[in-house]
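Okay, entry04.cif now, which holds mmCIF, C-alpha atoms and all ligand atoms:
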data_target
#
loop_
_atom_site.label_atom_id
_atom_site.label_comp_id
_atom_site.auth_asym_id
_atom_site.auth_seq_id
_atom_site.Cartn_x
_atom_site.Cartn_y
_atom_site.Cartn_z
CA MET I 1 -23.52 52.37 36.03
CA THR I 2 -21.71 49.53 34.29
CA GLN I 3 -20.22 49.61 30.81
CA ILE I 4 -21.79 46.71 28.96
CA ALA I 5 -21.29 45.23 25.48
CA PHE I 6 -24.51 43.63 24.23
CA ILE I 7 -24.14 41.15 21.36
CA GLY I 8 -27.12 39.65 19.52
CA LEU I 9 -30.02 42.09 19.19
CA GLY I 10 -32.70 39.77 17.79
CA ASN I 11 -36.21 39.02 19.02
CA MET I 12 -35.02 38.51 22.60
CA GLY I 13 -31.82 40.56 22.76
CA SER I 14 -33.44 43.79 21.57
CA GLY I 15 -35.77 44.03 24.58
CA MET I 16 -33.10 42.90 27.04
CA CYS I 17 -30.67 45.51 25.70
CA ALA I 18 -33.32 48.23 25.91
CA ASN I 19 -33.96 47.39 29.58
CA LEU I 20 -30.25 47.67 30.43
CA CYS I 21 -30.22 51.10 28.76
CA LYS I 22 -33.36 52.18 30.64
CA ALA I 23 -31.69 51.19 33.93
CA GLY I 24 -28.93 53.70 33.20
CA HIS I 25 -26.14 51.37 32.07
CA ASP I 26 -23.74 52.44 29.32
CA VAL I 27 -24.57 49.81 26.69
CA HIS I 28 -22.59 49.35 23.47
CA ALA I 29 -24.64 47.22 21.09
CA PHE I 30 -23.44 44.97 18.26
CA ASP I 31 -25.17 42.60 15.83
CA LEU I 32 -24.34 41.33 12.35
CA SER I 33 -27.53 43.08 11.27
CA ALA I 34 -26.98 46.84 10.91
CA GLU I 35 -30.73 47.30 11.18
CA ALA I 36 -30.81 45.61 14.58
CA VAL I 37 -27.98 47.87 15.80
CA LYS I 38 -29.90 50.93 14.57
CA ALA I 39 -33.03 49.81 16.40
CA ALA I 40 -31.00 49.30 19.60
CA ALA I 41 -29.56 52.80 19.25
CA GLU I 42 -33.10 54.18 19.08
CA GLN I 43 -33.69 52.49 22.45
CA GLY I 44 -30.70 54.22 24.05
CA ALA I 45 -27.72 51.97 23.23
CA LYS I 46 -24.48 53.21 21.66
CA PRO I 47 -24.18 51.59 18.23
CA ALA I 48 -20.94 49.63 17.68
CA ALA I 49 -19.67 49.11 14.13
CA THR I 50 -17.62 46.05 15.06
CA LEU I 51 -17.43 43.46 17.81
CA ALA I 52 -14.09 44.95 18.90
CA ASP I 53 -15.69 48.42 19.25
CA ALA I 54 -18.49 47.03 21.40
CA VAL I 55 -16.11 45.13 23.68
CA SER I 56 -13.56 47.93 24.13
CA GLY I 57 -13.83 49.30 27.69
CA ALA I 58 -16.68 46.93 28.65
CA GLU I 59 -16.85 45.50 32.18
CA VAL I 60 -19.51 42.94 31.22
CA ILE I 61 -20.31 41.22 27.92
CA VAL I 62 -23.94 40.09 27.51
CA SER I 63 -24.81 37.85 24.55
CA MET I 64 -28.10 36.53 23.18
CA LEU I 65 -27.23 34.44 20.12
CA PRO I 66 -28.99 31.71 18.13
CA ALA I 67 -26.89 28.60 18.99
CA GLY I 68 -23.70 27.16 20.50
CA LYS I 69 -21.56 27.58 17.39
CA HIS I 70 -22.33 31.32 17.37
CA VAL I 71 -21.46 31.64 21.06
CA LEU I 72 -18.14 29.81 20.69
CA SER I 73 -17.13 31.81 17.63
CA VAL I 74 -18.25 35.21 18.97
CA TYR I 75 -16.29 34.72 22.20
CA PHE I 76 -13.32 32.59 21.16
CA GLY I 77 -13.08 32.77 17.35
CA ASP I 78 -10.45 34.83 15.51
CA ASP I 79 -10.93 38.45 16.49
CA GLY I 80 -13.57 37.35 19.00
CA VAL I 81 -14.57 38.87 22.34
CA ALA I 82 -11.72 37.15 24.24
CA SER I 83 -9.09 38.80 22.06
CA HIS I 84 -10.42 42.30 22.80
CA ALA I 85 -11.83 42.19 26.35
CA ALA I 86 -9.89 43.56 29.33
CA PRO I 87 -8.69 40.89 31.79
CA GLY I 88 -11.38 39.91 34.28
CA THR I 89 -14.32 41.09 32.12
CA LEU I 90 -17.46 39.08 32.94
CA PHE I 91 -18.86 36.97 30.09
CA LEU I 92 -22.62 36.53 30.51
CA ASP I 93 -24.18 34.37 27.82
CA CYS I 94 -28.00 34.18 27.84
CA SER I 95 -28.40 32.07 24.66
CA THR I 96 -29.90 28.58 24.80
CA ILE I 97 -27.06 26.21 23.85
CA SER I 98 -25.97 22.67 24.73
CA VAL I 99 -24.60 21.88 28.18
CA GLU I 100 -21.44 20.65 26.45
CA ASP I 101 -20.90 23.91 24.51
CA ALA I 102 -21.61 25.97 27.65
CA ARG I 103 -18.99 24.00 29.62
CA GLU I 104 -16.48 24.28 26.77
CA ALA I 105 -17.03 28.04 26.62
CA ALA I 106 -16.66 28.40 30.41
CA SER I 107 -13.42 26.44 30.50
CA LYS I 108 -11.95 28.42 27.59
CA ALA I 109 -12.96 31.64 29.36
CA GLU I 110 -11.42 30.51 32.64
CA ALA I 111 -8.17 29.53 30.92
CA ALA I 112 -8.00 33.02 29.38
CA GLY I 113 -8.74 34.76 32.72
CA PHE I 114 -12.42 35.65 32.23
CA PRO I 115 -15.24 34.66 34.61
CA MET I 116 -18.20 33.27 32.63
CA VAL I 117 -21.77 32.22 33.38
CA ASP I 118 -24.39 30.49 31.23
CA ALA I 119 -27.73 32.18 31.91
CA PRO I 120 -30.41 30.88 29.55
CA VAL I 121 -33.90 32.29 29.96
CA SER I 122 -37.43 31.08 30.31
CA GLY I 123 -40.10 33.45 29.00
CA GLY I 124 -40.52 34.74 25.46
CA THR I 125 -40.21 38.12 23.78
CA ALA I 126 -42.96 39.68 25.93
CA ALA I 127 -40.98 38.83 29.10
CA ALA I 128 -37.75 40.05 27.45
CA ASP I 129 -39.41 43.39 26.66
CA ALA I 130 -40.99 43.67 30.11
CA GLY I 131 -37.82 42.69 32.00
CA THR I 132 -39.58 39.74 33.63
CA LEU I 133 -37.51 36.81 32.32
CA THR I 134 -36.49 33.86 34.48
CA PHE I 135 -32.73 33.23 34.35
CA MET I 136 -31.20 29.84 35.15
CA VAL I 137 -27.55 30.45 35.84
CA GLY I 138 -24.56 28.12 35.83
CA GLY I 139 -21.08 29.17 36.94
CA PRO I 140 -18.85 29.82 39.97
CA ASP I 141 -20.32 31.72 42.96
CA GLU I 142 -18.16 34.79 42.36
CA ALA I 143 -19.18 35.08 38.69
CA PHE I 144 -22.84 34.61 39.65
CA ALA I 145 -22.57 37.41 42.22
CA LYS I 146 -21.18 39.76 39.54
CA ALA I 147 -23.88 38.75 37.02
CA LYS I 148 -26.82 39.03 39.45
CA PRO I 149 -27.31 42.86 39.41
CA ILE I 150 -27.26 42.84 35.58
CA LEU I 151 -29.69 39.92 35.41
CA ASP I 152 -31.98 41.63 37.95
CA VAL I 153 -32.54 44.42 35.41
CA MET I 154 -33.64 41.96 32.69
CA GLY I 155 -35.48 39.40 34.78
CA LYS I 156 -37.78 38.73 37.70
CA ASN I 157 -36.53 35.34 38.92
CA ILE I 158 -32.81 34.61 38.97
CA PHE I 159 -31.71 31.09 40.00
CA HIS I 160 -28.16 29.91 40.58
CA ALA I 161 -28.33 26.30 39.39
CA GLY I 162 -24.73 25.36 40.24
CA GLY I 163 -21.50 25.14 38.23
CA SER I 164 -20.90 25.89 34.55
CA GLY I 165 -23.50 24.39 32.21
CA ASN I 166 -26.04 23.86 35.01
CA GLY I 167 -28.13 26.80 33.77
CA GLN I 168 -28.48 25.09 30.39
CA ALA I 169 -29.17 21.75 32.09
CA ALA I 170 -32.06 23.28 34.08
CA LYS I 171 -33.44 24.97 30.99
CA ILE I 172 -33.48 21.93 28.70
CA ALA I 173 -34.81 19.54 31.37
CA ASN I 174 -37.61 22.03 32.09
CA ASN I 175 -38.44 22.53 28.42
CA MET I 176 -38.43 18.80 27.73
CA LEU I 177 -41.02 18.45 30.49
CA LEU I 178 -43.01 21.32 28.96
CA GLY I 179 -43.02 19.64 25.52
CA ILE I 180 -44.17 16.36 27.00
CA SER I 181 -46.83 17.95 29.20
CA MET I 182 -48.19 20.04 26.32
CA ILE I 183 -48.69 16.97 24.13
CA GLY I 184 -50.32 15.12 27.04
CA THR I 185 -52.62 18.08 27.71
CA CYS I 186 -53.67 18.19 24.03
CA GLU I 187 -54.43 14.46 24.06
CA ALA I 188 -56.47 14.75 27.26
CA PHE I 189 -58.62 17.65 26.00
CA ASN I 190 -59.20 15.89 22.68
CA LEU I 191 -60.17 12.62 24.40
CA ALA I 192 -62.52 14.41 26.82
CA GLU I 193 -64.19 16.19 23.91
CA LYS I 194 -64.62 12.96 21.95
CA LEU I 195 -66.21 11.42 25.04
CA GLY I 196 -68.74 14.27 25.26
CA LEU I 197 -67.20 16.94 27.57
CA ASP I 198 -66.73 20.49 26.35
CA ALA I 199 -63.32 22.10 26.93
CA GLN I 200 -64.49 24.37 29.76
CA THR I 201 -66.09 21.52 31.71
CA PHE I 202 -63.00 19.35 31.41
CA TYR I 203 -60.80 22.34 32.34
CA ASP I 204 -62.86 23.14 35.45
CA ILE I 205 -62.48 19.55 36.66
CA SER I 206 -58.92 18.69 35.61
CA SER I 207 -57.40 22.05 36.60
CA THR I 208 -58.39 21.35 40.19
CA ALA I 209 -57.65 17.61 40.00
CA SER I 210 -54.45 15.61 39.60
CA GLY I 211 -54.01 16.31 35.88
CA GLN I 212 -53.37 20.01 36.56
CA CYS I 213 -50.21 21.44 34.99
CA TRP I 214 -48.85 24.73 33.55
CA SER I 215 -49.65 23.67 29.97
CA MET I 216 -53.28 23.48 31.04
CA THR I 217 -53.75 26.38 33.44
CA SER I 218 -51.50 29.03 31.86
CA TYR I 219 -51.42 27.99 28.21
CA CYS I 220 -54.47 25.82 27.60
CA PRO I 221 -54.19 24.27 24.11
CA ALA I 222 -57.98 24.02 23.77
CA PRO I 223 -59.56 27.40 22.86
CA GLY I 224 -61.68 29.01 25.57
CA PRO I 225 -60.62 28.32 29.14
CA VAL I 226 -57.45 30.51 29.19
CA PRO I 227 -58.18 33.64 27.11
CA THR I 228 -54.52 34.74 26.75
CA ALA I 229 -53.40 31.35 25.34
CA PRO I 230 -52.34 31.08 21.66
CA SER I 231 -55.17 28.54 21.10
CA ASN I 232 -57.50 31.58 21.01
CA ARG I 233 -55.62 33.18 18.10
CA ASP I 234 -55.33 30.15 15.84
CA TYR I 235 -52.06 29.07 17.51
CA LYS I 236 -49.95 32.07 16.51
CA PRO I 237 -46.83 32.00 18.72
CA GLY I 238 -46.06 32.49 21.61
CA PHE I 239 -43.40 29.84 21.57
CA ALA I 240 -43.02 28.28 18.15
CA VAL I 241 -42.76 24.58 17.25
CA ALA I 242 -39.26 25.22 15.81
CA MET I 243 -38.07 26.67 19.14
CA MET I 244 -39.48 23.75 21.11
CA LEU I 245 -37.82 21.37 18.66
CA LYS I 246 -34.45 23.10 19.19
CA ASP I 247 -34.75 22.55 22.96
CA LEU I 248 -35.86 18.91 22.53
CA HIS I 249 -32.84 18.25 20.28
CA LEU I 250 -30.62 19.73 23.00
CA ALA I 251 -32.34 17.55 25.62
CA ALA I 252 -31.94 14.42 23.48
CA GLY I 253 -28.24 15.15 22.89
CA ALA I 254 -27.62 15.80 26.57
CA ALA I 255 -29.54 12.67 27.62
CA LYS I 256 -27.50 10.54 25.23
CA ALA I 257 -24.22 11.95 26.55
CA ALA I 258 -25.34 11.45 30.17
CA GLY I 259 -26.88 8.00 29.63
CA ALA I 260 -30.32 9.20 30.84
CA GLU I 261 -33.48 7.43 29.71
CA ILE I 262 -35.97 9.87 28.10
CA ALA I 263 -38.54 7.72 26.31
CA LEU I 264 -41.24 10.42 26.40
CA GLY I 265 -38.76 13.19 25.61
CA GLU I 266 -37.76 11.31 22.45
CA MET I 267 -41.41 10.82 21.53
CA ALA I 268 -42.07 14.55 21.99
CA GLU I 269 -39.01 15.29 19.83
CA LYS I 270 -40.45 13.06 17.05
CA ILE I 271 -43.87 14.72 17.25
CA TYR I 272 -42.42 18.24 16.97
CA GLU I 273 -39.95 17.12 14.28
CA ASP I 274 -42.85 15.79 12.24
CA LEU I 275 -44.81 19.06 12.59
CA ASP I 276 -41.74 21.09 11.67
CA SER I 277 -40.89 18.97 8.61
CA ARG I 278 -44.45 19.40 7.33
CA GLY I 279 -43.98 23.19 7.33
CA HIS I 280 -45.53 24.04 10.72
CA GLY I 281 -42.37 25.27 12.49
CA GLY I 282 -43.92 28.72 12.90
CA LEU I 283 -47.05 27.44 14.65
CA ASP I 284 -47.25 27.81 18.42
CA PHE I 285 -46.10 24.61 20.15
CA SER I 286 -49.61 24.15 21.61
CA GLY I 287 -50.73 23.74 17.96
CA VAL I 288 -50.13 20.00 18.44
CA MET I 289 -53.83 20.23 19.32
CA LYS I 290 -54.67 21.05 15.71
CA ASP I 291 -52.68 18.06 14.49
CA ILE I 292 -54.37 15.71 16.93
CA LYS I 293 -57.70 16.98 15.60
CA ARG I 294 -56.46 16.26 12.03
CA GLN I 295 -56.72 19.93 11.08
CA LEU I 296 -53.20 20.23 9.64
CA ASP I 297 -51.71 19.03 6.33
P1 LIG I 301 -32.88 35.83 16.85
O1 LIG I 301 -32.46 34.99 15.70
O2 LIG I 301 -34.06 36.73 16.73
O3 LIG I 301 -31.63 36.76 17.30
C1 LIG I 301 -30.29 36.38 17.25
C2 LIG I 301 -29.47 37.59 16.84
O4 LIG I 301 -28.08 37.24 16.87
C3 LIG I 301 -29.76 38.06 15.40
O5 LIG I 301 -30.09 39.44 15.41
C4 LIG I 301 -28.45 37.79 14.66
O6 LIG I 301 -28.17 38.72 13.63
C5 LIG I 301 -27.45 37.88 15.79
N1 LIG I 301 -26.18 37.20 15.49
C6 LIG I 301 -25.97 35.96 14.99
N2 LIG I 301 -24.65 35.70 14.87
C7 LIG I 301 -24.02 36.82 15.30
C8 LIG I 301 -22.65 37.18 15.41
N3 LIG I 301 -21.68 36.35 15.04
N4 LIG I 301 -22.34 38.41 15.89
C9 LIG I 301 -23.34 39.27 16.27
N5 LIG I 301 -24.64 39.00 16.18
C10 LIG I 301 -24.98 37.78 15.70
O7 LIG I 301 -33.05 34.83 18.07
P2 LIG I 301 -33.89 35.06 19.44
O8 LIG I 301 -35.29 34.62 19.25
O9 LIG I 301 -33.59 36.43 19.95
O10 LIG I 301 -33.20 33.96 20.37
C11 LIG I 301 -31.90 34.16 20.92
C12 LIG I 301 -31.61 33.02 21.90
O11 LIG I 301 -32.60 33.03 22.92
C13 LIG I 301 -31.64 31.63 21.25
O12 LIG I 301 -30.60 30.87 21.78
C14 LIG I 301 -33.02 31.10 21.65
O13 LIG I 301 -33.05 29.68 21.73
C15 LIG I 301 -33.20 31.73 23.03
N6 LIG I 301 -34.60 31.91 23.45
C16 LIG I 301 -35.52 32.47 22.61
C17 LIG I 301 -36.83 32.64 23.03
C18 LIG I 301 -37.88 33.27 22.13
O14 LIG I 301 -39.06 33.23 22.47
N7 LIG I 301 -37.49 33.87 21.00
C19 LIG I 301 -37.21 32.24 24.33
C20 LIG I 301 -36.25 31.70 25.19
C21 LIG I 301 -34.93 31.54 24.73
#
Once more with this new file: its structure as structure tokens, please.
Amino acid sequence: MTQIAFIGLGNMGSGMCANLCKAGHDVHAFDLSAEAVKAAAEQGAKPAATLADAVSGAEVIVSMLPAGKHVLSVYFGDDGVASHAAPGTLFLDCSTISVEDAREAASKAEAAGFPMVDAPVSGGTAAADAGTLTFMVGGPDEAFAKAKPILDVMGKNIFHAGGSGNGQAAKIANNMLLGISMIGTCEAFNLAEKLGLDAQTFYDISSTASGQCWSMTSYCPAPGPVPTAPSNRDYKPGFAVAMMLKDLHLAAGAAKAAGAEIALGEMAEKIYEDLDSRGHGGLDFSGVMKDIKRQLD
């Protein structure tokens, strides 16, 4: 049993925290929302009134926060985690943040004597609740080895992607590809339909031919062929446009800093930005299909 402080009990963090409790760990939960802390307590966590309370006595800090600025301030701001944690406490941040912020956080942690890993996830709230997330981890070997048993409780596939920030790099490169492939899949189904093929016929052919991809076979944006896909429930998320846009912004920022050409990534960013600015941020990201069919304002 490990004493864990869990910070950030939102859509994702609540399920992850509950799984750590179920596995028998002593979890002290904190969030700015008192309601979220109460809900975590109902799932077996010890409610913490302050960040300092949560961190006191913890061997591992797990965080699941909205963005990089929250991570930097929670860990290294005035009265943050670093000013309360015992020397050597493992910092395990699962939030999706920029590679740059993740590396800044890791170097601040190292300078203060704390091992830290970035461990962003793939998989949504259902995977968080079920403990089947994929974790992409960046950080030194020793820190990864300490994080692994904790991550095993919350996830199914745990990858060590290399040094600090490499977890975030893997995540945003993967999600940029997902955004691009989803738009391409929508365009292909729409074109096939306009040329006289129904969705199932095109699916049967393309899913066993060279156009096959995850966006098609696991998350088909045309209603019908994949019954569990959001396209069968009027594109209710799933994974929302606003979340995809966040990841594409991170990819664009990282590509600029690294001097990497991402012509299609930038185009995908524009397409999701346009959907979001027209009030469709809450639509599933496969809802690009509706826009291509001119069914959205
Ligand atoms: P969320 O907004 O539901 O939860 C974030 C929680 O952090 C909130 O409860 C908020 O009150 C809390 N918080 C914010 N600032 C805080 C602070 N200073 N101290 C303590 N608590 C604080 O977000 P989410 O959907 O759970 O996503 C969390 C992270 O996971 C994000 O980085 C997101 O990009 C990533 N992610 C989300 C999904 C998804 O499907 N929701 C999938 C993969 C990755």
Determine, using all atoms listed in the file, which residues of chain I have any atom at most 9 Å from an atom of ligand LIG 301 (chain I), and tabulate each with its shortest atom pair and distance in Å to one decimal place, rows ordered by chain and then rising number, as a tab-separated table.
residue	atom	partner	partner_atom	distance
I:Ile7	CA	I:LIG301	C9	5.5
I:Gly8	CA	I:LIG301	O4	3.7
I:Leu9	CA	I:LIG301	O5	4.6
I:Gly10	CA	I:LIG301	O3	3.2
I:Asn11	CA	I:LIG301	O9	3.8
I:Met12	CA	I:LIG301	O9	3.7
I:Gly13	CA	I:LIG301	O9	5.3
I:Ser14	CA	I:LIG301	O9	7.5
I:Phe30	CA	I:LIG301	C9	6.0
I:Asp31	CA	I:LIG301	N5	3.7
I:Leu32	CA	I:LIG301	N5	4.5
I:Ser33	CA	I:LIG301	O6	5.0
I:Ala34	CA	I:LIG301	O6	8.6
I:Glu35	CA	I:LIG301	O5	8.9
I:Ala36	CA	I:LIG301	O5	6.3
I:Val37	CA	I:LIG301	O5	8.7
I:Thr50	CA	I:LIG301	C9	9.0
I:Leu51	CA	I:LIG301	N4	7.3
I:Ser63	CA	I:LIG301	O4	8.4
I:Met64	CA	I:LIG301	C11	5.0
I:Leu65	CA	I:LIG301	O4	4.4
I:Pro66	CA	I:LIG301	O12	4.1
I:Ala67	CA	I:LIG301	O12	5.2
I:Gly68	CA	I:LIG301	O12	7.9
I:His70	CA	I:LIG301	N2	5.6
I:Val71	CA	I:LIG301	N3	7.6
I:Ser73	CA	I:LIG301	N3	6.9
I:Val74	CA	I:LIG301	N3	5.3
I:Cys94	CA	I:LIG301	O11	6.8
I:Ser95	CA	I:LIG301	O12	3.8
I:Thr96	CA	I:LIG301	O12	3.9
I:Ile97	CA	I:LIG301	O12	6.2
I:Pro120	CA	I:LIG301	C21	6.6
I:Val121	CA	I:LIG301	C20	5.4
I:Ser122	CA	I:LIG301	C20	5.3
I:Gly123	CA	I:LIG301	C19	5.6
I:Gly124	CA	I:LIG301	O14	3.7
I:Thr125	CA	I:LIG301	O14	5.2
I:Ala126	CA	I:LIG301	O14	8.3
I:Ala127	CA	I:LIG301	O14	8.9
I:Ala128	CA	I:LIG301	C19	8.4
I:Leu133	CA	I:LIG301	C20	8.9
I:Pro237	CA	I:LIG301	O14	8.7
I:Gly238	CA	I:LIG301	O14	7.1
I:Phe239	CA	I:LIG301	O14	5.6
I:Ala240	CA	I:LIG301	O14	7.7
I:Met243	CA	I:LIG301	O13	6.4
I:Met244	CA	I:LIG301	O13	8.8
I:Lys246	CA	I:LIG301	O13	7.2
I:Asp247	CA	I:LIG301	O13	7.4
Pick out the residues sitting within 12 Å of range 156-158 of chain I, and hand them over as a ChimeraX atom specification; count only C-alpha atoms, and ignore anything fewer than 3 positions along from it in its own chain.
-> /I:119-123,127-128,130-138,144-145,147-153,161,167
So, counting only C-alpha atoms, which residue among I:Pro115, I:Gly139, I:Gly287, I:Pro225 is closest to Glu187 in chain I?
->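 Answer, going by the shortest atom-to-atom distance: I:Gly287.
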Have a look at I:Ser231, I:Ser215, I:Thr89, I:Gln168 and name the one nearest to Ile180 in chain I; count all atoms listed in the file.
->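 Of all the options, I:Ser215 lies closest to Ile180 in chain I.
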Find the spatial neighbours of range 216-224 of chain I, counting all atoms listed in the file, within a cut-off of 12 Å - ignore same-chain residues fewer than 4 positions away - and output them as a VMD selection string.
-> chain I and resid 178 181 to 193 198 to 212 228 to 239 284 to 293
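You can rank I:Ser98, I:Ala39, I:Lys46, I:Ser164 by their closest distance to Glu110 in chain I using all atoms listed in the file, and at the top of that list sits I:Ser164.
With distances restricted to all atoms listed in the file, I:Ala82 is the closest residue to Ala111 in chain I from I:Leu92, I:Ala242, I:Ala82, I:Ile262.
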Tell me, in Å to one decimal, how far CA of Ser83 in chain I is from CA of Ala52 in chain I.
->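 So the answer is 8.5 Å.
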I:Leu245, I:Val62, I:Ala48, I:Ala85: which is nearest Ser277 in chain I, counting all atoms listed in the file?
->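 Checking each of I:Leu245, I:Val62, I:Ala48, I:Ala85 against Ser277 in chain I, counting all atoms listed in the file, the winner is I:Leu245.
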Take CA of Cys213 in chain I and CA of Val226 in chain I and report the distance between them in Å, one decimal.
->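 Answer for the CA of Cys213 in chain I to CA of Val226 in chain I separation: 13.0 Å.
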As a PDB file with C-alpha atoms, keeping the file's coordinate frame, please: the residues near Leu20 in chain I (cut-off 9 Å, all atoms listed in the file, same-chain neighbours under 2 positions excluded).
ATOM      1  CA  ILE I   4     -21.790  46.710  28.960  1.00  0.00           C
ATOM      2  CA  GLY I  15     -35.770  44.030  24.580  1.00  0.00           C
ATOM      3  CA  MET I  16     -33.100  42.900  27.040  1.00  0.00           C
ATOM      4  CA  CYS I  17     -30.670  45.510  25.700  1.00  0.00           C
ATOM      5  CA  ALA I  18     -33.320  48.230  25.910  1.00  0.00           C
ATOM      6  CA  LYS I  22     -33.360  52.180  30.640  1.00  0.00           C
ATOM      7  CA  ALA I  23     -31.690  51.190  33.930  1.00  0.00           C
ATOM      8  CA  GLY I  24     -28.930  53.700  33.200  1.00  0.00           C
ATOM      9  CA  HIS I  25     -26.140  51.370  32.070  1.00  0.00           C
ATOM     10  CA  ASP I  26     -23.740  52.440  29.320  1.00  0.00           C
ATOM     11  CA  VAL I  27     -24.570  49.810  26.690  1.00  0.00           C
ATOM     12  CA  ALA I  45     -27.720  51.970  23.230  1.00  0.00           C
ATOM     13  CA  ILE I 150     -27.260  42.840  35.580  1.00  0.00           C
ATOM     14  CA  VAL I 153     -32.540  44.420  35.410  1.00  0.00           C
ATOM     15  CA  MET I 154     -33.640  41.960  32.690  1.00  0.00           C
TER      16      MET I 154
END
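Relative to CA of Gly163 in chain I, CA of Lys69 in chain I is found at 21.0 Å.
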Rank nothing, just name the residue among I:Glu100, I:Phe91, I:Ile61, I:Lys108 nearest to Lys256 in chain I, using only C-alpha atoms.
->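 Ranking I:Glu100, I:Phe91, I:Ile61, I:Lys108 by distance to Lys256 in chain I, first place goes to I:Glu100.
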